[in-house]
Amino acid sequence: MEEIISGSVYFGLALTCGAYVAGCVVHKAAKTLLLNPLIVTNVLVIAFLAVTGISYESYFKGARYIGDLLTPATVCLAIPLYRQLHLLKKHAAAIFCGIAAGVLANALCILLMSLLFQFSRSMYVTLLPKSITAAIAMKLTEEYGGIAAITLISTVITGAFGYIAAPSILKLFRVTDVVAKGVAIGSGSHAFGTIRAFELGEAEGAMSSLAIAATGLMTVAASPLFVLLF
């Protein structure tokens, strides 16, 4: 089967799309955040590759085309942000401080966890960018000698946790402002969490979209300092 699949550039694309459709069906039937379509898709694809013995490289030949859609999809996030431009102008200072606080909190949490569990420097830099979008996180990890595969897993887990738990955490801390909600979700759980933010409202989604980009830029800019801390 591996030889047949490796000759097809559409296998990975078909598998991913099929798994996502199945994930949507499961999510609709179960009606629980734990079975989010994106989470189910990842589980189904991993399970299929593990059972069949098909290599990731063969799968990625077709799956990479979905990754190529990431850039235009990210650009599309500018549309709701433009609609909420008045919020950005009104709360510019608070938004900047909120995102900066999120970046600092992410870094300090990883630092404290690494010291507590006596992680190696390699593992520290691997987990450091867990709260930014995967494309940037993996490049940043590779630059500092981390393990990109673990970084990818950690970003997926972080995003999934944000998607599931963000509303409850915001409610627990009585965060009601739409700008604060969006900034918190976007700076803590990147694109995965932003999906949840849009489910809460367009303003929350727009602020979360802004936070994704700003958090990524701030993390990259501050990464030399963060790396020196460990």
# chains A, B, ... in the order shown; residues from 1 in each chain; ligands from 1
$ residues_around --residues "segment 194-209 of chain A" --least-positions-apart "4" --cutoff "6 Å" --atoms "only C-alpha atoms" --output "PyMOL selection string"
chain A and resi 80-81+163+178+182-183+186
$ select_by_dssp --residues "segment 58-156 of chain A" --states "helix (DSSP H, G or I)" --output "ChimeraX atom specification"
/A:58-67,70-76,78-83,85-90,92-116,121-127,134-143,148-156
$ closest_residue --among "A:Arg83, A:Leu140, A:Leu170, A:Gly67" --to "Pro224 of chain A" --atoms "only C-alpha atoms"
A:Leu140
$ closest_residue --among "A:Gly193, A:Pro129, A:Gly145, A:Gly18" --to "Leu217 of chain A" --atoms "only C-alpha atoms"
A:Pro129
$ residues_around --residues "Gly216 of chain A" --least-positions-apart "2" --cutoff "12 Å" --atoms "only C-alpha atoms" --output "PyMOL selection string"
chain A and resi 99-100+102-103+106+128-140+186-191+209-214+218-223
$ residues_around --residues "Val125 of chain A" --least-positions-apart "6" --cutoff "12 Å" --atoms "only C-alpha atoms" --output "ChimeraX atom specification"
/A:107,110-111,114,119,137-148,150-151,154,219,223-230
$ atom_distance --atom1 "atom CA of Leu77 of chain A" --atom2 "atom CA of Phe192 of chain A"
13.1 Å
$ atom_distance --atom1 "atom CA of Val156 of chain A" --atom2 "atom CA of Leu88 of chain A"
28.0 Å
$ closest_residue --among "A:Ala14, A:Leu34, A:Gly23, A:Phe173" --to "Phe161 of chain A" --atoms "only C-alpha atoms"
A:Leu34
$ residues_around --residues "Tyr56 of chain A" --least-positions-apart "3" --cutoff "12 Å" --atoms "only C-alpha atoms" --output "number ranges by chain"
A: 2, 5-6, 11-12, 45-50, 52-53, 59-64, 149
$ atom_distance --atom1 "atom CA of Leu33 of chain A" --atom2 "atom CA of Ala19 of chain A"
17.1 Å
$ closest_residue --among "A:Thr215, A:Phe117, A:Val21, A:Val179" --to "Lys90 of chain A" --atoms "only C-alpha atoms"
A:Val179
$ closest_residue --among "A:Ala184, A:Leu104, A:Ile153, A:Leu87" --to "Ala166 of chain A" --atoms "only C-alpha atoms"
A:Ala184
